[in-house]
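Enquirer: Please find work_13.txt (compact mmCIF, C-alpha atoms) on the next line:
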# COMPACT_ATOMS: atom_id res chain seq x y z
CA MET A 1 7.39 -76.25 -21.16
CA LEU A 2 10.91 -74.88 -21.14
CA THR A 3 11.36 -72.31 -23.95
CA GLU A 4 14.44 -70.70 -25.39
CA HIS A 5 14.90 -66.94 -25.22
CA PRO A 6 16.81 -65.18 -28.04
CA ASP A 7 18.99 -63.25 -25.57
CA MET A 8 19.84 -66.20 -23.37
CA PRO A 9 22.75 -68.69 -23.54
CA PRO A 10 21.88 -72.15 -24.87
CA LEU A 11 20.36 -74.70 -22.47
CA THR A 12 23.70 -76.49 -22.01
CA GLY A 13 25.30 -73.34 -20.65
CA ARG A 14 22.41 -72.78 -18.25
CA LEU A 15 22.63 -76.34 -17.05
CA ILE A 16 26.33 -76.01 -16.27
CA VAL A 17 25.75 -72.78 -14.34
CA ALA A 18 22.90 -74.36 -12.38
CA LEU A 19 24.99 -77.42 -11.50
CA VAL A 20 27.91 -75.24 -10.38
CA TRP A 21 25.54 -73.24 -8.19
CA LEU A 22 24.14 -76.48 -6.73
CA ALA A 23 27.66 -77.71 -5.90
CA ILE A 24 28.46 -74.44 -4.13
CA ALA A 25 25.21 -74.61 -2.14
CA ALA A 26 25.89 -78.21 -1.12
CA ALA A 27 29.39 -77.34 0.06
CA CYS A 28 28.05 -74.50 2.21
CA LEU A 29 25.21 -76.49 3.77
CA PRO A 30 25.88 -77.53 7.40
CA ALA A 31 26.60 -81.24 7.79
CA ARG A 32 23.77 -81.68 10.33
CA ALA A 33 21.20 -79.17 9.11
CA GLN A 34 18.35 -80.62 11.18
CA GLU A 35 20.09 -80.11 14.51
CA ALA A 36 20.91 -76.93 16.39
CA PRO A 37 24.67 -76.43 15.93
CA GLU A 38 26.93 -76.42 18.94
CA ASP A 39 28.57 -73.21 17.68
CA LEU A 40 26.59 -70.83 15.52
CA PRO A 41 28.57 -68.68 13.06
CA ASP A 42 29.97 -65.43 14.42
CA GLU A 43 28.33 -63.40 11.67
CA PRO A 44 25.06 -63.76 9.74
CA VAL A 45 25.42 -66.18 6.84
CA ALA A 46 25.19 -64.93 3.29
CA VAL A 47 22.17 -66.23 1.41
CA PRO A 48 21.55 -66.39 -2.34
CA GLY A 49 19.75 -63.38 -3.76
CA GLY A 50 20.31 -59.89 -5.02
CA ALA A 51 22.24 -58.96 -8.15
CA ALA A 52 24.22 -62.20 -8.37
CA GLU A 53 21.08 -64.30 -8.34
CA LYS A 54 19.29 -62.02 -10.78
CA ALA A 55 22.14 -62.52 -13.24
CA ALA A 56 21.60 -66.31 -13.30
CA PRO A 57 21.01 -67.37 -16.92
CA ASP A 58 17.71 -69.12 -16.17
CA GLU A 59 16.12 -65.93 -14.87
CA ASP A 60 13.35 -65.90 -17.49
CA LEU A 61 12.16 -69.36 -16.48
CA ASP A 62 8.76 -69.42 -14.80
CA LEU A 63 10.15 -71.32 -11.79
CA GLY A 64 10.78 -68.26 -9.64
CA GLN A 65 7.36 -66.84 -10.49
CA TRP A 66 5.73 -70.07 -9.35
CA VAL A 67 7.72 -70.45 -6.15
CA PHE A 68 7.71 -66.80 -5.10
CA ASN A 69 4.14 -65.92 -6.14
CA GLY A 70 5.35 -63.42 -8.71
CA HIS A 71 7.79 -61.66 -6.37
CA GLY A 72 11.52 -61.25 -6.87
CA LEU A 73 14.18 -62.87 -4.74
CA ASP A 74 15.06 -59.59 -3.00
CA LYS A 75 11.44 -59.15 -1.92
CA VAL A 76 11.20 -62.74 -0.66
CA GLN A 77 14.46 -62.52 1.25
CA GLY A 78 13.40 -59.21 2.79
CA ASP A 79 10.07 -60.69 3.85
CA PHE A 80 11.85 -63.64 5.45
CA GLU A 81 14.14 -61.34 7.41
CA LYS A 82 11.19 -59.26 8.63
CA SER A 83 9.39 -62.44 9.67
CA LEU A 84 12.50 -63.56 11.54
CA GLN A 85 12.69 -60.33 13.50
CA ASN A 86 8.96 -60.53 14.31
CA VAL A 87 9.32 -64.11 15.55
CA ILE A 88 12.28 -63.14 17.75
CA ALA A 89 10.31 -60.18 19.10
CA ARG A 90 7.44 -62.53 19.96
CA PHE A 91 9.81 -64.87 21.80
CA ASP A 92 11.33 -61.89 23.59
CA GLY A 93 7.87 -60.89 24.81
CA LYS A 94 7.35 -64.39 26.18
CA TYR A 95 10.75 -65.13 27.68
CA HIS A 96 12.53 -61.75 28.10
CA LEU A 97 15.55 -62.82 26.06
CA THR A 98 19.05 -61.58 26.74
CA PRO A 99 20.97 -59.76 23.96
CA ALA A 100 23.17 -62.84 23.53
CA GLN A 101 20.10 -65.07 23.10
CA LYS A 102 18.61 -62.69 20.52
CA ARG A 103 21.85 -62.74 18.57
CA LYS A 104 21.95 -66.54 18.54
CA LEU A 105 18.36 -66.67 17.32
CA THR A 106 19.17 -64.17 14.56
CA LEU A 107 22.06 -66.33 13.39
CA ALA A 108 20.01 -69.53 13.60
CA GLY A 109 17.15 -67.93 11.66
CA GLY A 110 19.66 -66.83 9.02
CA LEU A 111 20.64 -70.48 8.60
CA ASP A 112 16.97 -71.38 8.13
CA ILE A 113 16.69 -68.74 5.40
CA LYS A 114 19.87 -69.99 3.73
CA ARG A 115 18.58 -73.55 3.84
CA PHE A 116 15.45 -72.43 2.00
CA PHE A 117 17.46 -70.83 -0.79
CA ASP A 118 19.73 -73.89 -0.95
CA ARG A 119 16.63 -75.98 -1.58
CA TYR A 120 15.52 -73.52 -4.23
CA ALA A 121 18.92 -73.84 -5.93
CA THR A 122 18.56 -77.61 -5.96
CA LEU A 123 15.07 -77.26 -7.42
CA LYS A 124 16.37 -74.95 -10.16
CA ALA A 125 18.98 -77.50 -11.19
CA GLU A 126 16.33 -80.22 -11.30
CA PHE A 127 14.03 -77.94 -13.27
CA VAL A 128 16.72 -77.39 -15.90
CA ARG A 129 17.71 -81.07 -15.97
CA THR A 130 14.14 -82.21 -16.60
CA LYS A 131 13.45 -79.40 -19.10
CA GLY A 132 10.68 -78.02 -16.94
CA ASP A 133 8.86 -81.31 -16.41
CA TRP A 134 6.16 -80.37 -13.91
CA ASN A 135 5.61 -83.99 -12.94
CA LYS A 136 9.19 -84.10 -11.67
CA VAL A 137 9.32 -80.77 -9.82
CA GLY A 138 5.71 -79.85 -9.01
CA ASN A 139 5.69 -81.21 -5.45
CA GLN A 140 8.88 -79.34 -4.59
CA VAL A 141 7.52 -76.13 -6.07
CA PHE A 142 4.36 -76.32 -3.97
CA GLU A 143 6.37 -77.12 -0.83
CA LEU A 144 8.65 -74.10 -1.25
CA ARG A 145 5.69 -71.93 -2.14
CA ARG A 146 3.96 -72.99 1.08
CA ILE A 147 7.04 -71.91 3.01
CA CYS A 148 6.93 -68.51 1.33
CA ASN A 149 3.26 -68.11 2.24
CA LEU A 150 3.65 -69.27 5.87
CA PRO A 151 7.18 -68.42 7.03
CA TYR A 152 6.14 -68.22 10.70
CA ALA A 153 4.94 -71.82 10.74
CA GLU A 154 6.99 -73.39 7.95
CA LEU A 155 10.36 -71.63 7.80
CA PHE A 156 10.63 -70.90 11.54
CA GLY A 157 8.44 -73.74 12.86
CA ASP A 158 9.18 -76.44 15.41
CA GLU A 159 11.76 -78.20 13.23
CA SER A 160 13.69 -75.05 12.35
CA MET A 161 17.17 -74.13 13.51
CA LEU A 162 15.59 -71.12 15.18
CA ALA A 163 13.20 -73.20 17.31
CA LYS A 164 15.87 -75.71 18.28
CA THR A 165 18.33 -72.95 19.19
CA LEU A 166 15.67 -71.24 21.32
CA LYS A 167 14.93 -74.46 23.19
CA LYS A 168 18.60 -75.11 23.75
CA ASN A 169 19.41 -71.64 25.07
CA LEU A 170 16.43 -70.78 27.28
CA THR A 171 17.13 -70.94 31.00
CA ALA A 172 14.94 -72.88 33.41
CA GLU A 173 13.94 -69.58 35.01
CA GLN A 174 12.77 -68.14 31.68
CA VAL A 175 10.66 -71.22 30.97
CA ALA A 176 9.17 -71.22 34.47
CA ASN A 177 8.29 -67.51 34.27
CA HIS A 178 6.60 -68.06 30.91
CA ASP A 179 4.58 -70.96 32.33
CA ARG A 180 3.56 -68.78 35.26
CA ASN A 181 2.42 -65.98 32.96
CA ILE A 182 0.24 -68.35 30.94
CA TYR A 183 -1.22 -69.81 34.12
CA ARG A 184 -2.02 -66.38 35.53
CA VAL A 185 -4.00 -65.53 32.39
CA ARG A 186 -6.12 -68.65 32.87
CA VAL A 187 -6.56 -67.90 36.58
CA GLU A 188 -7.79 -64.41 35.66
CA TRP A 189 -10.31 -66.04 33.32
CA MET A 190 -11.49 -68.46 36.02
CA ALA A 191 -11.84 -65.66 38.58
CA GLY A 192 -13.86 -63.68 36.04
CA LEU A 193 -16.36 -66.54 35.91
CA LEU A 194 -16.65 -66.44 39.70
CA ASP A 195 -17.11 -62.66 39.88
CA ARG A 196 -20.83 -62.75 39.19
CA ARG A 197 -21.60 -65.98 41.06
CA LEU A 198 -19.75 -65.05 44.24
CA LYS A 199 -20.24 -61.29 43.87
CA LEU A 200 -16.51 -60.67 44.19
CA THR A 201 -15.36 -57.12 44.75
CA PRO A 202 -12.52 -55.83 42.54
CA ASP A 203 -10.16 -56.16 45.50
CA GLN A 204 -11.27 -59.75 46.17
CA HIS A 205 -10.83 -60.60 42.50
CA ARG A 206 -7.27 -59.24 42.49
CA ARG A 207 -6.32 -60.95 45.74
CA LEU A 208 -7.82 -64.28 44.64
CA VAL A 209 -5.85 -64.18 41.38
CA ASP A 210 -2.66 -63.29 43.26
CA LEU A 211 -3.23 -66.14 45.73
CA LEU A 212 -3.85 -68.81 43.09
CA ALA A 213 -1.07 -67.64 40.76
CA ALA A 214 1.44 -67.63 43.60
CA GLU A 215 0.44 -70.71 45.60
CA THR A 216 -0.80 -73.25 43.03
CA PRO A 217 1.35 -74.72 40.23
CA PRO A 218 0.78 -74.04 36.52
CA LEU A 219 -1.33 -76.62 34.76
CA GLY A 220 0.35 -79.38 32.81
CA ARG A 221 -1.78 -78.53 29.79
CA TYR A 222 -4.64 -76.21 28.81
CA GLY A 223 -7.98 -77.04 27.23
CA ASN A 224 -11.65 -77.59 27.99
CA PHE A 225 -11.10 -78.46 31.66
CA ASP A 226 -8.97 -75.49 32.74
CA TYR A 227 -11.73 -74.21 35.06
CA ASP A 228 -12.09 -77.58 36.80
CA ALA A 229 -8.32 -78.02 37.12
CA ILE A 230 -7.78 -74.57 38.64
CA MET A 231 -10.78 -75.05 40.93
CA PHE A 232 -9.34 -78.40 42.04
CA GLN A 233 -6.00 -76.79 42.84
CA MET A 234 -7.82 -74.05 44.73
CA SER A 235 -9.64 -76.71 46.78
CA ARG A 236 -6.27 -78.04 47.99
CA LEU A 237 -5.23 -74.73 49.52
CA PRO A 238 -5.52 -74.36 53.32
CA ALA A 239 -9.02 -73.10 54.16
CA GLY A 240 -7.54 -70.21 56.10
CA ARG A 241 -5.78 -68.87 53.00
CA ILE A 242 -9.07 -68.73 51.10
CA ARG A 243 -10.97 -67.22 54.03
CA GLY A 244 -8.37 -64.49 54.09
CA VAL A 245 -9.69 -63.38 50.70
CA LEU A 246 -13.35 -64.41 50.65
CA GLY A 247 -16.19 -64.05 53.13
CA GLU A 248 -17.90 -66.95 54.89
CA SER A 249 -20.90 -67.03 52.56
CA GLN A 250 -18.61 -66.97 49.52
CA CYS A 251 -16.58 -69.83 50.94
CA ARG A 252 -19.75 -71.87 51.53
CA ASP A 253 -20.78 -71.23 47.94
CA LEU A 254 -17.45 -72.67 46.81
CA THR A 255 -17.98 -75.92 48.70
CA LEU A 256 -20.12 -77.51 45.99
CA ARG A 257 -17.70 -76.40 43.29
CA PHE A 258 -14.80 -77.89 45.21
CA GLU A 259 -16.67 -81.20 45.46
CA GLN A 260 -17.34 -81.19 41.73
CA ALA A 261 -13.67 -80.50 41.01
CA ARG A 262 -12.49 -83.27 43.32
CA ARG A 263 -14.73 -85.76 41.50
CA MET A 264 -12.94 -84.73 38.32
CA GLU A 265 -9.49 -85.53 39.71
CA GLY A 266 -9.09 -88.83 37.85
CA LEU A 267 -9.91 -87.22 34.53
CA LEU A 268 -7.73 -84.17 35.20
CA VAL A 269 -4.78 -86.40 36.05
CA SER A 270 -5.23 -88.76 33.11
CA GLU A 271 -5.57 -85.84 30.69
CA GLY A 272 -2.40 -84.21 32.02
CA TYR A 273 -3.92 -81.07 33.57
CA ILE A 274 -2.68 -81.76 37.12
CA ARG A 275 -0.44 -84.10 39.03
CA PRO A 276 -2.17 -86.66 41.25
CA THR A 277 -2.40 -86.13 44.97
CA ALA A 278 -0.68 -88.70 47.18
CA ALA A 279 -4.04 -90.28 48.05
CA ALA A 280 -5.13 -90.46 44.40
CA ALA A 281 -1.81 -91.92 43.31
CA SER A 282 -2.10 -94.72 45.85
CA THR A 283 -5.62 -95.61 44.66
CA GLY A 284 -5.02 -95.34 40.95
CA GLY A 285 -6.00 -91.73 40.35
CA GLY A 286 -9.48 -91.46 41.81
CA ALA A 287 -12.86 -91.76 40.14
CA THR A 288 -13.50 -90.40 36.69
CA PRO A 289 -17.06 -89.30 35.82
CA ALA A 290 -18.63 -91.43 33.13
CA ALA A 291 -19.64 -88.36 31.12
CA ALA A 292 -17.35 -85.62 32.34
CA ARG A 293 -18.10 -82.14 31.08
CA PRO A 294 -16.36 -78.88 31.96
CA HIS A 295 -18.15 -76.86 34.63
CA HIS A 296 -17.16 -73.35 33.58
CA GLU A 297 -20.52 -72.76 31.88
CA GLU A 298 -22.29 -73.50 35.17
CA ALA A 299 -20.01 -71.02 36.94
CA ARG A 300 -21.46 -68.20 34.84
CA ARG A 301 -24.95 -68.74 36.24
Show this structure as structure tokens.
Expert:
Amino acid sequence: MLTEHPDMPPLTGRLIVALVWLAIAAACLPARAQEAPEDLPDEPVAVPGGAAEKAAPDEDLDLGQWVFNGHGLDKVQGDFEKSLQNVIARFDGKYHLTPAQKRKLTLAGGLDIKRFFDRYATLKAEFVRTKGDWNKVGNQVFELRRICNLPYAELFGDESMLAKTLKKNLTAEQVANHDRNIYRVRVEWMAGLLDRRLKLTPDQHRRLVDLLAAETPPLGRYGNFDYDAIMFQMSRLPAGRIRGVLGESQCRDLTLRFEQARRMEGLLVSEGYIRPTAAAASTGGGATPAAARPHHEEARR
């Protein structure tokens, strides 16, 4: 229930202040908030918080305590900004961002933070209007609280300005390099499974990984059949390229595994791991095993 405080202005005065704040927030909100703007602002946007927000006449309401898990606005805003920098650092590790790209992401993330506080301002006005009726505001409170608890996924997730700005500004080369890095990690894993079975030397392991990472394309997706998909792509390499890395007995040992992988082609294509070969495309994708199971467990034996 909404209670009066002896040191606070009457409810009418608080309502007027809240509505004025809501009008200001609405005027500042971008017209197309769900889309990455063509031109981001030149400087970081100002967000509600700090002394001005603390002075709001509804400060003693429990709303902020509910939404922010007992923390103040300064603490929440600081946590958001730290999360933003961590997310940008993670993207930089993946894509090797340019300084200009980092700046655009910082500005876009600032808009995401502002949008959160705009929503909080709207919620405050509704809270005052309904005299703290939890049935009217409870869902919004829990939604904003979830954002506070999971800023990486909720505030800066796939639908955020940050994510859309990143997608818009990455170069094809940055995306391709990232795909290659992911693929190389999976190739390393696959070669590790073959180490014991084929008795690969450290040099053979390194050269096999280099060969596959350089001369076979990244997978279209990753999942339970990564081993089979990489093995299939390996089977399509010229035999001479593989013999340049492995011995004759090791190559013979791979023959059965290549046959198993080729029988999986239909499944691998339909599941999006690989593109079909010309022969498979002309025959509808090849045969799919009735009960296909990944073969990487067998490779360990």
Enquirer: Work out how far CA of Arg243 in chain A is from CA of Ala176 in chain A, in Å to one decimal.
Expert: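 Distance reported for this atom pair: 28.4 Å.
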Enquirer: Env of Glu271 in chain A: 12 Å cut, atoms = all atoms listed in the file, seq-sep filter 4 positions within chain, self excluded. Answer as a PyMOL selection string.
Expert: chain A and resi 219-226+229+264-267+275-276+285+288+292
Enquirer: Return the single residue from A:Leu123, A:Ile88, A:Ala191, A:Leu150 that is closest to Leu211 in chain A, with distances computed using only C-alpha atoms.
Expert: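 Answer, going by the shortest atom-to-atom distance: A:Ala191.
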Enquirer: Between A:Asp74, A:Asp62, A:Tyr120, A:Arg236, which residue has the minimum interatomic distance to Asp133 in chain A, considering all atoms listed in the file?
Expert: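 When distances to Asp133 in chain A are compared using all atoms listed in the file, the smallest one comes from A:Asp62.
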Enquirer: Find the residues around Arg262 in chain A up to 9 Å (only C-alpha atoms counted), leave out those fewer than 6 positions away in its own chain, and share them as a PDB file with C-alpha atoms, keeping the file's coordinate frame.
Expert:
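Just written: selection08.pdb:
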ATOM      1  CA  ASP A 228     -12.090 -77.580  36.800  1.00  0.00           C
ATOM      2  CA  MET A 231     -10.780 -75.050  40.930  1.00  0.00           C
ATOM      3  CA  PHE A 232      -9.340 -78.400  42.040  1.00  0.00           C
ATOM      4  CA  SER A 235      -9.640 -76.710  46.780  1.00  0.00           C
ATOM      5  CA  GLY A 286      -9.480 -91.460  41.810  1.00  0.00           C
TER       6      GLY A 286
END
Enquirer: Measure the distance from CA of Gln174 in chain A to CA of Pro151 in chain A in Å and round it to one decimal.
Expert: 25.3 Å
Enquirer: Between A:Tyr227, A:Phe156, A:Phe258, A:Tyr273, single out the one closest to Val87 in chain A, counting all atoms listed in the file.
Expert: A:Phe156
Enquirer: Calculated over only C-alpha atoms, which of the candidates A:His205, A:Arg241, A:Gly157, A:Ala163 has the smallest distance to Leu107 in chain A?
Expert: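 Of the candidates, the smallest distance to Leu107 in chain A is held by A:Ala163.
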Enquirer: Gly192 in chain A: which residues within 10 Å, counting only C-alpha atoms, same-chain residues fewer than 4 positions away excluded, as an mmCIF file with C-alpha atoms, in the frame of the given file?
Expert:
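around-v9.cif, freshly written:
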data_model
loop_
_atom_site.group_PDB
_atom_site.id
_atom_site.type_symbol
_atom_site.label_atom_id
_atom_site.label_comp_id
_atom_site.auth_asym_id
_atom_site.auth_seq_id
_atom_site.Cartn_x
_atom_site.Cartn_y
_atom_site.Cartn_z
ATOM 1 C CA ARG A 186 -6.120 -68.650 32.870
ATOM 2 C CA VAL A 187 -6.560 -67.900 36.580
ATOM 3 C CA GLU A 188 -7.790 -64.410 35.660
ATOM 4 C CA ARG A 196 -20.830 -62.750 39.190
ATOM 5 C CA ARG A 197 -21.600 -65.980 41.060
ATOM 6 C CA LEU A 200 -16.510 -60.670 44.190
ATOM 7 C CA HIS A 205 -10.830 -60.600 42.500
ATOM 8 C CA VAL A 209 -5.850 -64.180 41.380
ATOM 9 C CA ALA A 299 -20.010 -71.020 36.940
ATOM 10 C CA ARG A 300 -21.460 -68.200 34.840
#
Enquirer: Point out the residue among A:Asp112, A:Ser270, A:Lys94, A:Cys148 with the least atom-to-atom distance to His71 in chain A, counting only C-alpha atoms.
Expert: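 Distance minimum relative to His71 in chain A lands on A:Cys148.
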Enquirer: Work out how far apart CA of Thr98 in chain A and CA of Glu215 in chain A are and give it in Å to one decimal.
Expert: 28.0 Å
Enquirer: Would you please work out which residue, of A:Asn169, A:Ser83, A:Asn181, A:Thr255, is nearest to Lys102 in chain A when using all atoms listed in the file?
Expert: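 Residue with the minimum atom-to-atom distance to Lys102 in chain A: A:Asn169.
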Enquirer: Fewer than 5 positions away in the same chain doesn't count, so skip those; otherwise give me all residues within 10 Å of range 64-70 of chain A, counting only C-alpha atoms, as an MDAnalysis selection string.
Expert: chainID A and resid 58:59 75:76 120 124 138 140:149
Enquirer: Taking all listed atoms of range 70-74 of chain A, build the axis-aligned box, pad each of the six sides by 4 Å, then write its centre and edge lengths in Å to one decimal as AutoDock Vina command-line options.
Expert:
--center_x 10.2 --center_y -61.5 --center_z -5.9 --size_x 17.7 --size_y 11.8 --size_z 13.7
